[in-house]
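Asks: First the structure, which I've put down as C-alpha cells, then a few questions once you've had a look.
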Amino acid sequence: MVLATNLGFPRIGDMRQLKKAVEAYWKGKSTKDELLAVGKSLRAHNWQLQKDAGLSHIPSNDFAYYDQILNMITTLGLIPSRYQHDGGKVDLDTYFAMARGAQKGGVDVTAMEMTKWYDTNYHYIVPEFEEGMEPKLSSETVFEAYEEAKALGIETRPVLIGPATFTFLGKPQYEGFDHKAFVQKLLPVYNEILAGLAARGAQWVQIDEPVFALDLCPIGQGTIKAAYDGLKKPEDLKVLVATYFESLKDNAQLAFSLPVEGIHIDLCRGSGRGNTTANDAHKDIEQALSLIGETQVLSLGVVDGRNIWKNDLADSLTKVEKAVAALGSERVFVAPSCSLLHTPVDLNSETEMDEELKGWMAYATQKLGELATIAKGANQGRETIAAALTASNKAQESRKTSSRIHNKAVEERVANITENMKERHSAFAKRQKIQHEALDLPLYPTTTIGSFPQTQDIRNARAAFKKGEIDQAAYEEAMKKEIRMVVDFQHKTDLDVLVHGEPERNDMVEYFGEQLAGFAFSKYGWVQSYGSRCVKPPIIFGDVSRPEPMTVEWSKYAQAQTDKIMKGMLTGPITILQWSFVRDDQPRNDTARQIALAIRDEVADLEGAGIRMIQIDEAAFREGLPLRREDWKEYLDNAVENFRLTSCCVADETQIHTHMCYSEFNDVIDSIAAMDADVISIECSRSQMELLEAFIEYKYPNEIGPGVYDIHSPRVPSTQEMVDLLDKAKKNLDERQIWVNPDCGLKTRAWPETEAALKNMVEAAKIMREKSAAAKAA
C-alpha cells in the first residue's frame with residue numbers, strides 16, 4: 001500500500017516552547033535538565049501527533065536545540081580546535097559555544113560561521129574542516145531519539161544529513177582540500193551509525209541529500225558516488241535518500257543509480273520559479289519512472305513543505321496515481337516536498353484569523369492530514385475521500401474568484417512602469433560628491449543597521465496595545481520614549497549616523513506586511529530562522545499596495561530629537577517576498593513588482609519628510625537566487641530592477657543604503673553593483689572579512705560597510721579586534737568607501753553587550769581616523 005510519510009517536523013513548538021526554554025537556559029534562569037525536559041516533551045508530542053494523523057514513516061533525529069547541521073557536526077566529532085574539545089562526547093555547553101561563541105579557559109572564543117540553508121530563510125552553522133581532523137562518533141543523539149520514540153510505542157525513521165551534502169556545506173580551513181577524500185573519511189562514522197540503528201531495530205533511515213538540487217560538477221558527482229559506494233549498511237536496514245528544493249533534472253540518473261532502497265523527489269519547487277507547474281511535476285515523475293531501479297521506492301513530495309496554502313488534493317492524487325500505475329502501491333510513498341521545518345506548527349492556534357483566509361491555508365499539522373488523505377485516496381479510491389476532495393476543490397475555486405485577491409488599480413500601475421522609473425538622476429561618482437558635501441561625515445562613518453534591543457518593556461507595551469489594555473496614544477508614547485532613549489544613547493556613544501531603533505516593529509518584514517494591502521498576518525505562524533530566533537512571515541494572498549505611509553511619522557519624530565543624520569529604515573521588495581508566504585496563483589515576480597511600487601511610495605514620502613538617508617534592506621537578495629545557474633539571469637535581472645524601482649525616486653543628495661545578510665557574494669556581485677545603492681552594508685565578521693573579497697576583486701565602486709562584529713553572538717569584541725578587521729578592509733578598499741557598523745540589527749541582543757560593543761566600535765573608527773591622519777601627515 002501507498003504509505004503516508006514525513007521528512008521532518010517543526011521543533012519549536014506551537015507556542016515557541018523551545019525558544020523560551022533555550023533562552024532561559026542561556027540566561028541562567030533554568031537548568032540543563034529543565035531544558036532537556038522541554039525538548040523531550042516536544043519530541044514526544046510531535047511523534048504522537050504524526051502517529052495520530054496516520055503516518056507510517058515518522059522522522060526522528062529531526063529535532064535540534066539549535067540547528068540540525070550543528071547536530072551533525074557534533075555527531076561526527078568535527079569540533080574546531082578553538083573549542084578545546086577533549087575528544088569525548090560533546091556536551092551541551094560546547095554545542096552552544098559553537099553556535100554563539102563563549103569563553104573557554106578565560107579566552108573569548110568566536111562562534112562558527114552561519115549562512116542560509118540553500119534558498120530558504122533558515123540559517124545553519126557552517127562546518128569547519130581543519131587539517132588533520134579525524135571524524136569520530138561524538139554524540140549518540142540519533143540513537144537516543146530513536147530509542148526514546150520506541151519507548152513510547154512509535155517506530156520512527158531516523159534522519160541524517162547525508163555525507164555528500166555535509167561535505168559540500170563545509171568550509172575547508174586549509175589548502176588542497178579534497179572533497180572525495182574527505183567524504184571517505186566520514187563513511188566509517190556513518191556506517192557505525194547505520195549499524196547502531198539497525199541493532200536497535202530501525203527499519204528505514206532517511207539520508208538528506210539536498211546537494212542534488214545544485215549544478216553538480218564532476219567533483220560533486222564523484223563525491224556523491226564515492227559516498228554511497230562506501231556506505232555499508234546492514235541488509236535489514238533500508239535507506240531513503242531525500243532530495244529537495246529543486247527538480248533533479250540532470251542529476252536524476254546519478255540519484256537513481258545509488259545503491260539505496262528509495263529516492264525522494266520534490267514535486268513542489270523547481271525550474272527557478274519557486275513553484276513547480278503541473279506540467280513540470282509530471283515531467284519529473286516521468287523522468288523518475290524511467291530511471292528508478294527495479295525494487296526502489298519512489299517518495300513523491302506532493303505537499304508543499306515551504307508554503308501555507310492548502311494542497312490541491314485532486315492534483316496531488318493524480319500524480320500519485322500515475323506513479324502507482326507504473327510501480328504498484330508498495331513502491332510509492334506520499335510525502336511533503338521537504339521537511340515541514342519551514343512551515344508554522346498548527347493552524348488551529350489561529351483562533352482570530354478570518355475564516356475565508358484560514359480556509360485557504362494549512363500549517364504543518366494540517367499538512368500531516370493532507371498526506372494521510374492522499375495516501376488513503378491512492379489506496380482505497382477517490383470515493384473514500386470524496387468529502388475531502390470536494391472541500392479541497394472548493395478552497396481552490398474560492399481563491400480564484402475571491403474579490404479580495406485582485407485589484408485593478410494595482411495591475412494598471414504595474415503595467416505602466418517606465419524605464420525612467422528605474423534610473424537615478426546622476427551616476428554614482430557625481431552623487432557621491434554631492435552627498436559628501438551635503439552630509440559632511442568623517443572618514444570611517446559609524447552607524448548601526450537599524451534595530452536596537454527589543455526589551456521586555458517594549459514587548460509588554462506592544463502586547464498590551466494588541467490586547468486593548470492601553471490605547472493608541474499610550475502605545476505611541478511608550479514607543480517615543482524608547483526612541484528618545486535610543487537617540488540619547490547614540491549621542492553619548494558618538495555614533496555619526498543614527499537610527500530610531502525600530503521599537504514599534506515586531507519584525508522587519510511582518511511590520512510592513514501588517515500595513516500593506518494584499519497581506520495578512522498570523523498570531524502563531526512562527527517558523528525558525530536560526531537557533532532560538534523565530535519569525536512570523538506575512539502572508540501575501542492578493543495584489544499589493546500601500547494604503548498610507550508606514551514609517552514616516554516615526555522617522556520624523558526621531559529626526560526631531562537630533563541634529564545628526566537619521567536614517568529611514570525600510571525592507572526591500574525581494575526580502576519581503578522571500579521572507580513571506582507568497583501567493584502561488586501568479587508568478588513571483590509579479591508580486592515582487594507590486595511590492596516594489598509600494599515601497600517606492602514610502603521612499604518618496606520619507607525624502608519629502610526631510611529624511612536624507614534611507615536604508616532599503618535586501619537581506620535576502622542572495623538567498624532568493626535559484627539553485628540552478630540556468631535560472632539565475634532571470635531572477636537577478638528582476639531583483640535588480642525591483643530594487644531600482646524602489647529606490648530611484650530620490651534626488652542625488654539623498655543617500656540610499658542597503659544591507660545584505662551572510663551570503664557568498666561572488667556569484668552575484670555584478671547584480672549588486674547594478675542595484676546602484678550608494679552604500680551597502682554586509683555581514684562578514686564571522687568570516688573574518690573573507691566575504692568582502694568579492695567586492696574587492698570586482699573593484700566595487702560604491703561605499704561599503706563590512707560588519708565589524710557579530711551580533712548573533714553575545715560576546716563583546718574588543719576595540720583592537722575591530723581595528724584589525726578594518727585594517728583588513730583598508731588594505732584593498734579606499735578608506736573613503738568604508739563605513740563602520742555591526743553585522744546586522746541589534747534586536748536580539750541585550751543592552752549591556754550592545755552598549756559595550758558599540759562603544760568599542762566607535763573607538764575603533766576613531767583609531768582608524770587617527771591612523772589615517774598620521775599617515776597623511778607623514
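Residues in the C-alpha cells are named by chain (A, B, ... in the order shown) and by number from 1 within that chain; ligands are numbered from 1 in the order shown.
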Could you make a table, as a Markdown table, of the residues of segment 228-338 of chain A that have an atom within 12 Å of an atom of segment 373-388 of chain A, each with its nearest atom pair and distance in Å to one decimal, counting only C-alpha atoms, in chain and number order?
Replies:
| residue | atom | partner | partner_atom | distance |
| --- | --- | --- | --- | --- |
| A:Ser299 | CA | A:Ala375 | CA | 11.7 |
| A:Leu300 | CA | A:Ala375 | CA | 10.9 |
| A:Gly301 | CA | A:Ile374 | CA | 11.6 |
| A:Val302 | CA | A:Ile374 | CA | 9.3 |
| A:Val303 | CA | A:Ile374 | CA | 9.6 |
| A:Lys310 | CA | A:Ala388 | CA | 11.5 |
| A:Asn311 | CA | A:Ile374 | CA | 9.8 |
| A:Asp312 | CA | A:Ile374 | CA | 10.0 |
| A:Leu313 | CA | A:Ile374 | CA | 6.6 |
| A:Ala314 | CA | A:Ile374 | CA | 8.5 |
| A:Asp315 | CA | A:Ile374 | CA | 10.0 |
| A:Ser316 | CA | A:Ile374 | CA | 7.2 |
| A:Leu317 | CA | A:Ile374 | CA | 5.9 |
| A:Thr318 | CA | A:Ala378 | CA | 8.9 |
| A:Lys319 | CA | A:Ala378 | CA | 9.9 |
| A:Val320 | CA | A:Ala378 | CA | 6.9 |
| A:Glu321 | CA | A:Ala378 | CA | 6.3 |
| A:Lys322 | CA | A:Ala378 | CA | 10.0 |
| A:Ala323 | CA | A:Ala378 | CA | 10.1 |
| A:Val324 | CA | A:Ala378 | CA | 8.0 |
| A:Ala325 | CA | A:Ala378 | CA | 10.3 |
| A:Gly328 | CA | A:Asn379 | CA | 10.4 |
| A:Ser329 | CA | A:Asn379 | CA | 7.3 |
| A:Glu330 | CA | A:Asn379 | CA | 10.0 |
| A:Val332 | CA | A:Ala375 | CA | 9.5 |
| A:Phe333 | CA | A:Ala375 | CA | 8.0 |
| A:Val334 | CA | A:Ala375 | CA | 6.3 |
| A:Ala335 | CA | A:Ala375 | CA | 9.3 |
| A:Pro336 | CA | A:Ile374 | CA | 11.2 |
Asks: Within 9 Å of Arg100 of chain A, counting only C-alpha atoms, which residues show up once you throw out same-chain ones fewer than 4 positions away? Write them as a VMD selection string, please.
Replies: chain A and resid 95 to 96 110 to 112 712 to 715
Asks: Using only C-alpha atoms, which residue out of A:Ala651, A:Val126, A:Cys217, A:Leu291 lies closest to Gln435 of chain A?
Replies: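 Between A:Ala651, A:Val126, A:Cys217, A:Leu291, the residue approaching Gln435 of chain A most closely is A:Ala651.
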Asks: Among segment 647-680 of chain A, which residues carry a DSSP assignment of alpha helix (DSSP H), reported as a ChimeraX atom specification?
Replies: /A:647,669-675
Asks: Counting only C-alpha atoms, which residue out of A:Glu653, A:Glu352, A:Asp208, A:Asp494 sits closest to Ala164 of chain A?
Replies: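 Of A:Glu653, A:Glu352, A:Asp208, A:Asp494, the one nearest Ala164 of chain A, counting only C-alpha atoms, is A:Asp208.
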Asks: Show which residues sit within 9 Å of Pro537 of chain A, as a ChimeraX atom specification. Count only C-alpha atoms, and ignore same-chain residues fewer than 6 positions away.
Replies: /A:507,509-510,513,521-522,525-527,576,579-581
Asks: Would you kindly return, as an MDAnalysis selection string, each protein, DNA or RNA residue with an atom no farther than 6 Å from any atom of segment 70-87 of chain A, considering only C-alpha atoms and excluding same-chain residues fewer than 2 positions away?
Replies: chainID A and resid 67:68 125 135:139
Asks: Quick one: everything within 8 Å of Val183 of chain A, counting only C-alpha atoms, minus sequence neighbours fewer than 3 positions away in the same chain. Send it as a list in words.
Replies: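 Listed by chain and then number, they are Pro163, Ala164, Thr167, His179, Lys180, Leu186, Leu187, Thr223, Ala226 and Ala227 of chain A.
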Asks: Can you tell me, as a PyMOL selection string, what residues are no more than 8 Å from Gly745 of chain A when counting only C-alpha atoms, ignoring any on the same chain fewer than 6 positions away?
Replies: chain A and resi 448-452+711
Asks: Given the choices A:Lys171, A:His436, A:Arg644, A:Lys771, which gets closest to Glu128 of chain A if the distance is worked out from only C-alpha atoms?
Replies: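 For Glu128 of chain A, the nearest of the candidates is A:Lys171.
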Asks: Could you tell me which of A:Ala364, A:Thr646, A:Ala463, A:Ala149 comes closest to Gly13 of chain A if we count only C-alpha atoms?
Replies: A:Ala364
Asks: Using only C-alpha atoms, which residues sit within 12 Å of Ile696 of chain A once same-chain residues fewer than 3 positions away are excluded, as a list in words?
Replies: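 Once the nearby chain positions are removed, what remains is Phe665, Asn666, Ile669, Met689, Glu690, Leu691, Leu692, Glu693, Lys699, Tyr700, Pro701, Asn702, Glu703, Ile704, Pro706, Lys728, Ala729, Lys730, Lys731, Asn732, Leu733, Asp734, Gln737 and Ile738 of chain A.
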Asks: Could I get the residues of segment 86-192 of chain A with an atom no further than 9 Å from an atom of segment 617-630 of chain A, each paired with its nearest atom pair and that distance in Å to one decimal, using only C-alpha atoms, sorted by chain and residue number, as JSON lines?
Replies:
{"residue": "A:Lys116", "atom": "CA", "partner": "A:Glu623", "partner_atom": "CA", "distance": 6.8}
{"residue": "A:Trp117", "atom": "CA", "partner": "A:Glu623", "partner_atom": "CA", "distance": 8.6}
{"residue": "A:Tyr118", "atom": "CA", "partner": "A:Glu623", "partner_atom": "CA", "distance": 7.3}
{"residue": "A:Asp119", "atom": "CA", "partner": "A:Glu623", "partner_atom": "CA", "distance": 5.0}
{"residue": "A:Thr120", "atom": "CA", "partner": "A:Glu623", "partner_atom": "CA", "distance": 6.7}
{"residue": "A:Asn121", "atom": "CA", "partner": "A:Glu623", "partner_atom": "CA", "distance": 7.3}
Asks: Go ahead and write the selection's residues with N, CA, C and O atoms as an mmCIF file, in the first residue's frame.
Replies:
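Saved to out-v1.cif:
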data_model
loop_
_atom_site.group_PDB
_atom_site.id
_atom_site.type_symbol
_atom_site.label_atom_id
_atom_site.label_comp_id
_atom_site.auth_asym_id
_atom_site.auth_seq_id
_atom_site.Cartn_x
_atom_site.Cartn_y
_atom_site.Cartn_z
ATOM 1 N N LYS A 116 22.774 30.815 5.004
ATOM 2 C CA LYS A 116 21.432 30.364 4.659
ATOM 3 C C LYS A 116 21.431 28.917 4.149
ATOM 4 O O LYS A 116 22.344 28.492 3.437
ATOM 5 N N TRP A 117 20.386 28.212 4.525
ATOM 6 C CA TRP A 117 20.181 26.821 4.114
ATOM 7 C C TRP A 117 19.565 26.826 2.721
ATOM 8 O O TRP A 117 18.378 27.047 2.557
ATOM 9 N N TYR A 118 20.422 26.635 1.719
ATOM 10 C CA TYR A 118 20.013 26.677 0.309
ATOM 11 C C TYR A 118 19.246 27.984 0.041
ATOM 12 O O TYR A 118 19.754 29.058 0.380
ATOM 13 N N ASP A 119 18.059 27.936 -0.538
ATOM 14 C CA ASP A 119 17.363 29.188 -0.846
ATOM 15 C C ASP A 119 16.223 29.455 0.135
ATOM 16 O O ASP A 119 15.222 30.073 -0.205
ATOM 17 N N THR A 120 16.402 29.017 1.385
ATOM 18 C CA THR A 120 15.391 29.250 2.423
ATOM 19 C C THR A 120 15.840 30.394 3.328
ATOM 20 O O THR A 120 16.943 30.918 3.204
ATOM 21 N N ASN A 121 15.001 30.737 4.283
ATOM 22 C CA ASN A 121 15.368 31.725 5.282
ATOM 23 C C ASN A 121 15.824 31.060 6.578
ATOM 24 O O ASN A 121 15.924 31.708 7.613
#
Asks: Find the distance between atom CA of Ala281 of chain A and atom CA of Ala395 of chain A and write it in Å to one decimal.
Replies: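 Rounded to one decimal, the two atoms are 21.3 Å apart.
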Asks: Can you measure atom CA of Thr31 of chain A to atom CA of Gln48 of chain A for me? One decimal in Å is fine.
Replies: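 Atom CA of Gln48 of chain A lies 26.2 Å from atom CA of Thr31 of chain A.
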